[in-house]
Structures are given as C-alpha cells and as structure tokens.
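To start, the structure itself, in structure tokens.
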Amino acid sequence: KAGDLPTSFTLTDEMAMTPAMKLSSFPNVIIEARISKSGQAVPASGDLQGLSAPVKIGNNNVTIVIDSRIP
C-alpha cells in the first residue's frame with residue numbers, strides 16, 4: 001500500500017517470473033515501482049510509477065522515486 005512507503009526490499013533469483021530469467025543472469029537491471037489505482041499487477045492508465053537507474057545485481061540502497069503517471 002502507498003501508506004507503507006518508503007520500504008526496503010531484496011530481490012532474489014527465486015522471484016524471477018520464469019526460471020530461465022533469473023536476475024543473476026543479467027549484469028544490470030532497472031527496477032520499477034508502481035502504485036496501482038485498481039490493485040491489479042498489470043499497469044493501467046492513472047497508475048503512478050517510478051524507475052531506478054540501471055543498477056548492478058547485488059547493489060544496495062537503490063532509491064526509486066515514484067514520480068510519473070501512466071497515461
């Protein structure tokens with residue numbers, strides 16, 4: 001929930017959407033945070049979002065600013 005922000009998180013290979021797409025397979029990733037108006041995981045018009053800069057796997061203290069709205 002938006003009221004729970006800011007929050008800390010840790011991403012692991014076990015969170016991969018498919019076993020073939022493990023985070024550790026990539027040298028850098030971009031992390032997206034989104035606040036959904038509907039509560040659904042699929043992005044929709046009006047949702048608020050923010051993206052990190054490309055970060056190396058294992059990097060700590062990544063900050064994501066939710067600063068845009070999906071049109």
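As shown in the structure tokens, the chain order sets the letters A, B, ...; within each chain, residues go from 1, and ligands are also counted from 1 in the order they appear.
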>> Quick one: residues within 7 Å of Pro54 in chain A, only C-alpha atoms, excluding same-chain residues fewer than 3 positions away - as a PyMOL selection string?
In response: chain A and resi 28-30
Residues near Asn61 in chain A, cut-off 12 Å, only C-alpha atoms, skip fewer than 5 positions along chain, as a PDB file with C-alpha atoms, in the first residue's frame:
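Result saved to part_23.pdb:
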ATOM      1  CA  THR A   7      10.000   0.450   2.284  1.00  0.00           C
ATOM      2  CA  SER A   8      13.004  -1.828   1.959  1.00  0.00           C
ATOM      3  CA  PHE A   9      13.170  -4.813  -0.358  1.00  0.00           C
ATOM      4  CA  THR A  10      15.531  -7.511  -1.546  1.00  0.00           C
ATOM      5  CA  SER A  52      15.579   3.182 -10.991  1.00  0.00           C
ATOM      6  CA  VAL A  55      21.883  -0.996 -11.203  1.00  0.00           C
ATOM      7  CA  LYS A  56      24.306  -3.889 -10.825  1.00  0.00           C
TER       8      LYS A  56
END
>> Can you pull out every residue from range 3-58 of chain A that DSSP, working from the backbone, puts in helix (DSSP H, G or I), and format the result as number ranges by chain?
In response: A: 3-4, 13-15, 23-25
I'd like to know which residues of chain A are strand (DSSP E or B) (by DSSP, run on the backbone); could you write them as a PDB file with all heavy atoms, in the first residue's frame?
ATOM      1  N   ASN A  28      23.059  -5.854 -15.210  1.00  0.00           N
ATOM      2  CA  ASN A  28      22.343  -4.681 -14.707  1.00  0.00           C
ATOM      3  C   ASN A  28      20.849  -4.899 -14.852  1.00  0.00           C
ATOM      4  O   ASN A  28      20.406  -5.597 -15.770  1.00  0.00           O
ATOM      5  CB  ASN A  28      22.725  -3.421 -15.490  1.00  0.00           C
ATOM      6  CG  ASN A  28      24.151  -3.031 -15.306  1.00  0.00           C
ATOM      7  OD1 ASN A  28      24.573  -2.732 -14.202  1.00  0.00           O
ATOM      8  ND2 ASN A  28      24.924  -3.053 -16.376  1.00  0.00           N
ATOM      9  N   VAL A  29      20.091  -4.276 -13.980  1.00  0.00           N
ATOM     10  CA  VAL A  29      18.630  -4.312 -14.075  1.00  0.00           C
ATOM     11  C   VAL A  29      18.078  -2.922 -13.803  1.00  0.00           C
ATOM     12  O   VAL A  29      18.751  -2.077 -13.199  1.00  0.00           O
ATOM     13  CB  VAL A  29      18.005  -5.315 -13.078  1.00  0.00           C
ATOM     14  CG1 VAL A  29      18.426  -6.735 -13.408  1.00  0.00           C
ATOM     15  CG2 VAL A  29      18.329  -4.972 -11.649  1.00  0.00           C
ATOM     16  N   GLU A  32      11.333  -1.200 -11.309  1.00  0.00           N
ATOM     17  CA  GLU A  32      10.153  -0.348 -11.411  1.00  0.00           C
ATOM     18  C   GLU A  32       9.299  -0.515 -10.166  1.00  0.00           C
ATOM     19  O   GLU A  32       9.096  -1.622  -9.682  1.00  0.00           O
ATOM     20  CB  GLU A  32       9.315  -0.728 -12.638  1.00  0.00           C
ATOM     21  CG  GLU A  32       8.021   0.044 -12.749  1.00  0.00           C
ATOM     22  CD  GLU A  32       7.174  -0.379 -13.938  1.00  0.00           C
ATOM     23  OE1 GLU A  32       7.641  -1.185 -14.764  1.00  0.00           O
ATOM     24  OE2 GLU A  32       6.034   0.108 -14.025  1.00  0.00           O
ATOM     25  N   ALA A  33       8.810   0.596  -9.654  1.00  0.00           N
ATOM     26  CA  ALA A  33       7.848   0.571  -8.551  1.00  0.00           C
ATOM     27  C   ALA A  33       6.580   1.255  -9.059  1.00  0.00           C
ATOM     28  O   ALA A  33       6.652   2.259  -9.769  1.00  0.00           O
ATOM     29  CB  ALA A  33       8.399   1.309  -7.337  1.00  0.00           C
ATOM     30  N   ARG A  34       5.441   0.685  -8.710  1.00  0.00           N
ATOM     31  CA  ARG A  34       4.187   1.243  -9.198  1.00  0.00           C
ATOM     32  C   ARG A  34       3.141   1.191  -8.104  1.00  0.00           C
ATOM     33  O   ARG A  34       3.068   0.227  -7.348  1.00  0.00           O
ATOM     34  CB  ARG A  34       3.713   0.444 -10.412  1.00  0.00           C
ATOM     35  CG  ARG A  34       2.545   1.050 -11.123  1.00  0.00           C
ATOM     36  CD  ARG A  34       2.296   0.427 -12.502  1.00  0.00           C
ATOM     37  NE  ARG A  34       2.776  -0.931 -12.635  1.00  0.00           N
ATOM     38  CZ  ARG A  34       2.086  -2.006 -12.264  1.00  0.00           C
ATOM     39  NH1 ARG A  34       0.905  -1.871 -11.728  1.00  0.00           N
ATOM     40  NH2 ARG A  34       2.593  -3.212 -12.426  1.00  0.00           N
ATOM     41  N   ILE A  35       2.338   2.242  -8.050  1.00  0.00           N
ATOM     42  CA  ILE A  35       1.177   2.285  -7.170  1.00  0.00           C
ATOM     43  C   ILE A  35      -0.043   2.176  -8.076  1.00  0.00           C
ATOM     44  O   ILE A  35      -0.293   3.056  -8.898  1.00  0.00           O
ATOM     45  CB  ILE A  35       1.125   3.579  -6.336  1.00  0.00           C
ATOM     46  CG1 ILE A  35       2.370   3.693  -5.463  1.00  0.00           C
ATOM     47  CG2 ILE A  35      -0.146   3.626  -5.494  1.00  0.00           C
ATOM     48  CD1 ILE A  35       2.512   5.013  -4.759  1.00  0.00           C
ATOM     49  N   LEU A  48       0.595   5.289 -10.736  1.00  0.00           N
ATOM     50  CA  LEU A  48       1.808   6.068 -10.501  1.00  0.00           C
ATOM     51  C   LEU A  48       2.996   5.118 -10.557  1.00  0.00           C
ATOM     52  O   LEU A  48       2.913   3.986 -10.085  1.00  0.00           O
ATOM     53  CB  LEU A  48       1.739   6.746  -9.138  1.00  0.00           C
ATOM     54  CG  LEU A  48       0.529   7.654  -8.914  1.00  0.00           C
ATOM     55  CD1 LEU A  48       0.522   8.152  -7.478  1.00  0.00           C
ATOM     56  CD2 LEU A  48       0.535   8.806  -9.890  1.00  0.00           C
ATOM     57  N   GLN A  49       4.126   5.598 -11.138  1.00  0.00           N
ATOM     58  CA  GLN A  49       5.279   4.716 -11.266  1.00  0.00           C
ATOM     59  C   GLN A  49       6.585   5.484 -11.160  1.00  0.00           C
ATOM     60  O   GLN A  49       6.630   6.694 -11.331  1.00  0.00           O
ATOM     61  CB  GLN A  49       5.239   3.945 -12.576  1.00  0.00           C
ATOM     62  CG  GLN A  49       5.501   4.802 -13.806  1.00  0.00           C
ATOM     63  CD  GLN A  49       5.519   3.986 -15.079  1.00  0.00           C
ATOM     64  OE1 GLN A  49       5.387   2.771 -15.052  1.00  0.00           O
ATOM     65  NE2 GLN A  49       5.686   4.651 -16.204  1.00  0.00           N
ATOM     66  N   GLY A  50       7.630   4.733 -10.913  1.00  0.00           N
ATOM     67  CA  GLY A  50       8.984   5.263 -10.886  1.00  0.00           C
ATOM     68  C   GLY A  50       9.947   4.167 -11.293  1.00  0.00           C
ATOM     69  O   GLY A  50       9.674   2.984 -11.109  1.00  0.00           O
ATOM     70  N   LEU A  51      11.073   4.559 -11.886  1.00  0.00           N
ATOM     71  CA  LEU A  51      12.082   3.626 -12.353  1.00  0.00           C
ATOM     72  C   LEU A  51      13.428   3.972 -11.742  1.00  0.00           C
ATOM     73  O   LEU A  51      13.761   5.150 -11.589  1.00  0.00           O
ATOM     74  CB  LEU A  51      12.214   3.677 -13.881  1.00  0.00           C
ATOM     75  CG  LEU A  51      10.958   3.370 -14.676  1.00  0.00           C
ATOM     76  CD1 LEU A  51      11.172   3.695 -16.152  1.00  0.00           C
ATOM     77  CD2 LEU A  51      10.560   1.922 -14.512  1.00  0.00           C
ATOM     78  N   VAL A  55      21.082  -0.653 -12.380  1.00  0.00           N
ATOM     79  CA  VAL A  55      21.883  -0.996 -11.203  1.00  0.00           C
ATOM     80  C   VAL A  55      22.478  -2.389 -11.374  1.00  0.00           C
ATOM     81  O   VAL A  55      21.879  -3.258 -12.002  1.00  0.00           O
ATOM     82  CB  VAL A  55      21.063  -0.933  -9.897  1.00  0.00           C
ATOM     83  CG1 VAL A  55      20.611   0.484  -9.608  1.00  0.00           C
ATOM     84  CG2 VAL A  55      19.868  -1.853  -9.945  1.00  0.00           C
ATOM     85  N   LYS A  56      23.664  -2.583 -10.805  1.00  0.00           N
ATOM     86  CA  LYS A  56      24.306  -3.889 -10.825  1.00  0.00           C
ATOM     87  C   LYS A  56      23.634  -4.800  -9.811  1.00  0.00           C
ATOM     88  O   LYS A  56      23.211  -4.359  -8.748  1.00  0.00           O
ATOM     89  CB  LYS A  56      25.791  -3.757 -10.499  1.00  0.00           C
ATOM     90  CG  LYS A  56      26.594  -3.045 -11.559  1.00  0.00           C
ATOM     91  CD  LYS A  56      28.071  -3.078 -11.207  1.00  0.00           C
ATOM     92  CE  LYS A  56      28.894  -2.299 -12.193  1.00  0.00           C
ATOM     93  NZ  LYS A  56      28.826  -2.813 -13.555  1.00  0.00           N
ATOM     94  N   SER A  68       5.865   9.649 -11.834  1.00  0.00           N
ATOM     95  CA  SER A  68       5.140   9.814 -13.098  1.00  0.00           C
ATOM     96  C   SER A  68       3.840   9.021 -13.063  1.00  0.00           C
ATOM     97  O   SER A  68       3.661   8.128 -12.249  1.00  0.00           O
ATOM     98  CB  SER A  68       6.011   9.389 -14.288  1.00  0.00           C
ATOM     99  OG  SER A  68       6.311   8.006 -14.213  1.00  0.00           O
ATOM    100  N   ARG A  69       2.948   9.400 -13.970  1.00  0.00           N
ATOM    101  CA  ARG A  69       1.638   8.756 -14.061  1.00  0.00           C
ATOM    102  C   ARG A  69       1.551   8.079 -15.417  1.00  0.00           C
ATOM    103  O   ARG A  69       1.911   8.652 -16.424  1.00  0.00           O
ATOM    104  CB  ARG A  69       0.531   9.804 -13.908  1.00  0.00           C
ATOM    105  CG  ARG A  69      -0.875   9.232 -13.907  1.00  0.00           C
ATOM    106  CD  ARG A  69      -1.926  10.336 -13.778  1.00  0.00           C
ATOM    107  NE  ARG A  69      -1.721  11.172 -12.617  1.00  0.00           N
ATOM    108  CZ  ARG A  69      -2.221  10.940 -11.402  1.00  0.00           C
ATOM    109  NH1 ARG A  69      -2.964   9.890 -11.201  1.00  0.00           N
ATOM    110  NH2 ARG A  69      -1.988  11.761 -10.411  1.00  0.00           N
TER     111      ARG A  69
END
> Hey, which of A:Ile70, A:Ile57, A:Ile31, A:Val65 ends up closest to Leu5 in chain A? Count only C-alpha atoms.
Replying inline: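 Nearest candidate to Leu5 in chain A out of A:Ile70, A:Ile57, A:Ile31, A:Val65: A:Val65.
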>> Ranking A:Lys1, A:Pro71, A:Met21, A:Ile64 by minimum distance to Ser36 in chain A and counting only C-alpha atoms, which one comes first?
In response: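 For Ser36 in chain A, the nearest of the candidates is A:Lys1.
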